[in-house]
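S.K.: I have a structure I would like to understand better, so I am pasting it below and will then ask my questions one at a time.
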Amino acid sequence: MTQYLVRRLAQGLVVLFLVSLLTFFLINLAPGGPSSLVDMSTTVAERNARYALFGLDRPVHERYVSWLASAVQGDLGRSINQGLPVTGLLAQRLGATLALALSALVIAGVLGILLGIVAAMNPNRWPDHVVGTVATLGMSVPNFWLGIVAIILFAVELRWLPASGIASIGRGFDVVDRIRHLILPAGVLAFGLMPNVVRVTRAAVLEVKATDYVRTARSKGLRDVKVLRKHMLRNAFVPVTAMLGLITTVLFSGSVVIESVFGYAGIGRLAIEAANGRDYPVILGVTMLAGTVVVVVNLIVDLLYVVIDPRIRHV
Amino acid sequence: MKVRGTPYRWLVASLLAVCAAFGTAQEADTSAVLNLATNADPTLNPWAPGAVIESNLINTILFEQLTRYSPEDLTPSPMLATSWRAEDEGMSWVFELREGVVWSDGDPFDAADVAFTFNDVVLNPDLGAQSASQFSSIDRVEVIDDHAVRFVLNEPFSALPYYLASFAGIIPVHVLGEAENPLQVATFNKGTPVTTGPYKVSEFVPGSHVALVPNELYWAGEPKLAGMTFRIIPDLNTQVAEAMAGQLDVVTRLSPQNVAGIESTGALEVLRQSQNLFFFVAPNHDDPRLADVNVRQAMELAIDRQAMIEAILSGYGQVASGPVAPMLGALFNGDVQQYAYDPEAAAALLDEAGWTLGADGVRQKDGQRLSFYMPTGQFGDLVPATLLVQQFWADIGIETDVQVMEWNAYIQDVVLGRNYELTLAWWSMPPTADVAPYFSCSAAETGNNIPNYCNEELDAIMDEGRAALTLEDQIDAYSRMQDLLAVELPYLYLWWPDILTAKSVRLQGFPEITASAAFQHSFDWYVEAQ
């Protein structure tokens with residue numbers, strides 16, 4: 001097991017190295033440059049002066065080597081457009097994104113699993129159809145549109161919830177206020193992800209339902225709820241866990257759109273601002289952070305398999 | 001807000017002050033905090049590279065300039081400078097500075113700050129300061145005494161007081177003078193900068209908001225609001241929703257699509273402001289086909305600009321007859337050659353110039369075709385506008401190969417690299433008729449003269465305007481300049497858009513003429529008590 005962990009962590013480092021290499025060269029090869037260095041009215045002389053100031057006049061490979069040398073020491077450089085250290089920017093935004101992503105994951109996970117079970121226990125009857133319709137809607141309605149509609153309905157018309165931001169300005173840390181600001185973005189984000197969980201749960205439960213051990217349990221006279229809980233769910237959870245792992249990584253990209261719509265200052269918004277503004281060090285920082293999350297989440301999911309299904313062994 | 005004396009006395013005093021200031025019995029709500037929005041984290045330094053849309057308006061409140069626009073007619077009026085005059089036949093300008101101004105940290109403001117801002121920051125080519133190229137006529141700024149400076153020029157620049165009112169805030173030498181790069185000091189740009197404006201920063205929470213409180217040291221007294229909060233909301237639709245929910249008092253740069261319905265709650269009003277801003281199609285004058293003025297005039301005649309304004313701007317704009325917008329009043333000359341939509345006249349003009357319709361529907365002459373590479377950037381309405389122009393030109397036998405590019409790539413390749421034959425964009429200029437940075441021969445190739453147009457006759461007239469010391473002489477020169485620009489069409493002018501701002505009906509003392517003027521007069525803003 002230790003050997004397995006060491007191997008996986010080493011693989012993770014190789015992956016991160018390749019991600020940084022690829023990202024660095026791709027963003028530098030893409031046409032355009034940092035938006036703070038060029039706008040409509042910038043003259044060629046001004047552009048050249050600013051490029052020299054930020055070392056962007058050096059060849060790409062040279063810049064990569066110096067970036068990597070600092071990065072291994074934990075220094076991801078300075079944002080070109082904001083003038084602040086990238087690690088600071090990431091740290092500042094990470095908490096907000098984690099809160100949003102975890103809330104959405106919990107909502108999508110709990111609701112998705114419940115609805116999936118309901119659908120699977122009533123295949124091709126009306127509860128299954130209702131769940132199927134909700135799931136199809138969640139799949140097909142785009143996030144940004146649902147976000148705007150939610151704002152108009154809950155913030156403008158009903159005035160139940162705030163339209164944007166992380167917290168009310170001028171108030172100290174207030175848990176209730178934070179949660180009120182989380183409900184809309186997390187809800188919209190979860191609505192788009194839930195269908196995946198519903199579908200996988202439904203399929204897994206249906207599959208387990210048809211197995212011999214479930215039939216045996218039933219024939220022993222166990223009640224439905226107990227069969228579901230003791231015999232079916234545990235076995236159905238392996239694919240569901242895999243799906244939740246996948247979703248966690250998708251949450252990162254989903255939050256890019258949601259955070260912009262809801263003016264929510266997280267990593268996603270940092271990413272989109274950096275990408276639009278060609279802020280190379282920030283793009284790299286966000287990519288590395290996302291890469292790390294994917295590597296770590298995959299590892300955790302693989303380890304969870306063992307807990308859920310002791311027949312799985314990692315060697 | 002700091003309250004001196006008993007609250008009661010202070011309240012009476014401020015009410016009296018407000019009544020005196022406005023001559024009416026309108027009451028100001030001195031506890032009001034104004035909520036505004038910006039689309040990204042601002043950079044609190046007016047000269048920092050990239051401090052543009054997201055930073056301009058907040059910096060206008062924080063960093064005062066030598067001059068500001070009069071809210072009546074946009075002529076330069078006193079701000080940190082109290083008076084100015086040209087000397088040496090327009091080769092230098094003396095500005096008398098306001099006495100008794102202190103920075104928000106208590107240090108006095110004086111001539112050294114002005115000299116530092118220009119000599120060490122704007123005119124330092126290594127720093128690449130924002131809009132530095134607009135000040136290239138300045139050689140240096142000399143300190144005469146603590147409260148007077150002399151701008152020494154390398155060529156006459158009669159519009160200097162206008163340009164000094166255009167995003168040209170003064171920054172403090174005692175805070176930034178020692179910095180390795182005064183434009184990249186994070187604690188200043190992204191923290192709590194030292195400023196002279198009526199409000200100062202109390203808190204900057206990245207990604208969330210910038211909070212402003214009254215500057216109790218302000219030279220004209222304390223302002224009339226308890227504070228302002230600039231919330232960072234990237235999505236314009238969300239900004240509009242917040243305003244309609246009563247959470248924002250001002251939304252700037254509305255798109256015409258957002259305007260419909262925003263006044264329905266009765267709490268907001270939409271201002272149709274102007275700006276010296278024109279949309280254009282730039283023909284690349286390095287291309288011999290486009291260097292022919294007949295071809296350019298035919299192309300202008302073939303575009304139904306009024307229809308485009310209806311389609312793209314929902315009517316919020318007017319057909320441009322040149323680069324200088326009507327808001328410039330006396331300096332605007334509308335009596336110039338016009339190009340009302342007339343595709344027949346356009347076709348006739350092209351026939352006359354020898355460009356005849358080929359079998360493929362595209363005009364040609366001597367084996368050359370009127371077919372052009374027309375890149376455009378993904379920004380605002382540039383793409384749909386370009387596609388409409390493409391249609392109009394197809395009708396008279398001009399073919400365009402439209403390529404849509406990502407915005408940053410477009411600026412690098414098309415705007416800086418001049419790699420295009422035709423392209424549609426816009427210029428936003430200070431409110432002056434001095435448009436030399438966009439038209440003169442010296443700005444071709446590497447400056448803001450994107451079409452690389454060069455005409456010595458035009459340069460001579462623009463030099464005359466720059467050297468003119470009286471308004472009459474300026475009107476004379478710039479009137480002839482606009483005549484020539486309308487005939488020559490260095491750019492194919494499209495329209496002057498209305499700049500749309502929504503504001504709370506309770507917010508008063510807010511100049512309506514332009515957004516810049518409104519924010520330069522933030523000291524006068526107040527909220528009516530309910």
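For the structure tokens, the naming scheme is as follows: chains receive sequential letters (A, B, ...) according to their order of presentation, residues are indexed from 1 within each chain, and ligands are indexed from 1 in presentation order.
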Select residues of chain B: the criterion is any atom within 8 Å of an atom of chain A, counting only C-alpha atoms; output as a ChimeraX atom specification.
M.R.: /B:43,49-51,125-131,133,184-186,190,206-209,232-235,237-238,241-242,244-245,407-413,415-416,446-448
S.K.: For Ile312 (chain B), list every protein, DNA or RNA residue within 9 Å, evaluated using only C-alpha atoms, and leave out those in the same chain fewer than 2 positions away; present the list as a list of chain:residue names.
M.R.: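 The residues satisfying every condition are B:Pro256, B:Ala307, B:Met308, B:Ile309, B:Glu310, B:Ser314, B:Gly315, B:Tyr316, B:Asp381, B:Pro384, B:Ala385.
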S.K.: When you draw a straight line from CA of Gly77 (chain A) to CA of Ala274 (chain A), how long is it in Å?
M.R.: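 These two atoms are separated by 13.7 Å.
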S.K.: Could you state the separation of CA of Thr287 (chain A) and CA of Tyr64 (chain A) in Å, given to one decimal place?
M.R.: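 These two atoms are separated by 14.8 Å.
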S.K.: Within 12 Å of Tyr199 (chain B), counting only C-alpha atoms, which residues show up once you throw out same-chain ones fewer than 5 positions away? Write them as a PyMOL selection string, please.
M.R.: chain B and resi 1+33-34+58-64+103-104+192-194+210-229+519-525
S.K.: Rounded to one decimal in Å, what is the spacing between CA of Arg125 (chain A) and CA of Leu244 (chain A)?
M.R.: 26.5 Å
S.K.: List every residue of region 415-460 of chain B that DSSP, applied to the backbone, labels as strand (DSSP E), and write the result as a list in words.
M.R.: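 Going through region 415-460 of chain B, the strand (DSSP E) residues come out as Leu422, Thr423, Leu424, Ala425, Trp426, Trp427 and Ser428 of chain B.
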S.K.: Just the selected residues (N, CA and C atoms), exported as a PDB file, in the first residue's frame, please.
M.R.:
ATOM      1  N   LEU B 422      -8.761  46.250 -44.215  1.00  0.00           N
ATOM      2  CA  LEU B 422      -9.855  47.053 -43.680  1.00  0.00           C
ATOM      3  C   LEU B 422     -10.178  46.493 -42.311  1.00  0.00           C
ATOM      4  N   THR B 423     -10.517  47.363 -41.369  1.00  0.00           N
ATOM      5  CA  THR B 423     -10.938  46.830 -40.073  1.00  0.00           C
ATOM      6  C   THR B 423     -11.813  47.848 -39.352  1.00  0.00           C
ATOM      7  N   LEU B 424     -12.767  47.324 -38.592  1.00  0.00           N
ATOM      8  CA  LEU B 424     -13.742  48.180 -37.921  1.00  0.00           C
ATOM      9  C   LEU B 424     -13.418  48.245 -36.431  1.00  0.00           C
ATOM     10  N   ALA B 425     -13.281  49.457 -35.905  1.00  0.00           N
ATOM     11  CA  ALA B 425     -12.984  49.621 -34.481  1.00  0.00           C
ATOM     12  C   ALA B 425     -13.469  51.003 -34.049  1.00  0.00           C
ATOM     13  N   TRP B 426     -12.926  51.525 -32.946  1.00  0.00           N
ATOM     14  CA  TRP B 426     -13.350  52.854 -32.487  1.00  0.00           C
ATOM     15  C   TRP B 426     -12.192  53.542 -31.802  1.00  0.00           C
ATOM     16  N   TRP B 427     -12.266  54.861 -31.719  1.00  0.00           N
ATOM     17  CA  TRP B 427     -11.336  55.635 -30.913  1.00  0.00           C
ATOM     18  C   TRP B 427     -12.110  56.423 -29.877  1.00  0.00           C
ATOM     19  N   SER B 428     -11.625  56.379 -28.647  1.00  0.00           N
ATOM     20  CA  SER B 428     -12.164  57.192 -27.581  1.00  0.00           C
ATOM     21  C   SER B 428     -11.098  58.236 -27.266  1.00  0.00           C
TER      22      SER B 428
END
S.K.: I need the residue nearest Val134 (chain A) from this list: A:Val293, A:Met1, A:Met194, A:Leu184. Use only C-alpha atoms for the distance.
M.R.: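 Counting only C-alpha atoms, the residue closest to Val134 (chain A) is A:Met194.
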S.K.: Nearest to Glu155 (chain B): which of B:Ala346, B:Glu488, B:Leu74, B:Glu464 is it, counting only C-alpha atoms?
M.R.: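 The shortest atom-to-atom distance to Glu155 (chain B) comes from B:Glu464.
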S.K.: Quick one: residues within 12 Å of Thr241 (chain A), only C-alpha atoms, excluding same-chain residues fewer than 6 positions away - as number ranges by chain?
M.R.: A: 105, 109, 113, 196-197, 200-201, 204, 233-235, 247-248, 297-298, 300-309
S.K.: Which residues are near Val141 (chain A)? Cut-off 12 Å, only C-alpha atoms, ignore same chain within fewer than 6 positions. Put them as a list in words.
M.R.: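 Here the answer would be Thr133, Val134, Ala135, Gly147, Ile148, Val149, Val188, Leu189, Phe191, Gly192, Leu193 and Pro195 of chain A.
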S.K.: If you run DSSP over the backbone, which residues in region 68-274 of chain A end up alpha helix (DSSP H)? Put them as a ChimeraX atom specification.
M.R.: /A:68-71,86-121,126-140,143-150,175-209,212-219,224-226,233-261,267-274
S.K.: Check the smallest atom-to-atom distance from each of B:Leu349, B:Ala467, B:Leu254, B:Val336 to Leu485 (chain B) using only C-alpha atoms, then report the winner.
M.R.: B:Val336
S.K.: Between B:Tyr478, B:Gln508, B:Pro437, B:Val251, single out the one closest to Ser136 (chain B), counting only C-alpha atoms.
M.R.: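 Ranking B:Tyr478, B:Gln508, B:Pro437, B:Val251 by distance to Ser136 (chain B), first place goes to B:Pro437.
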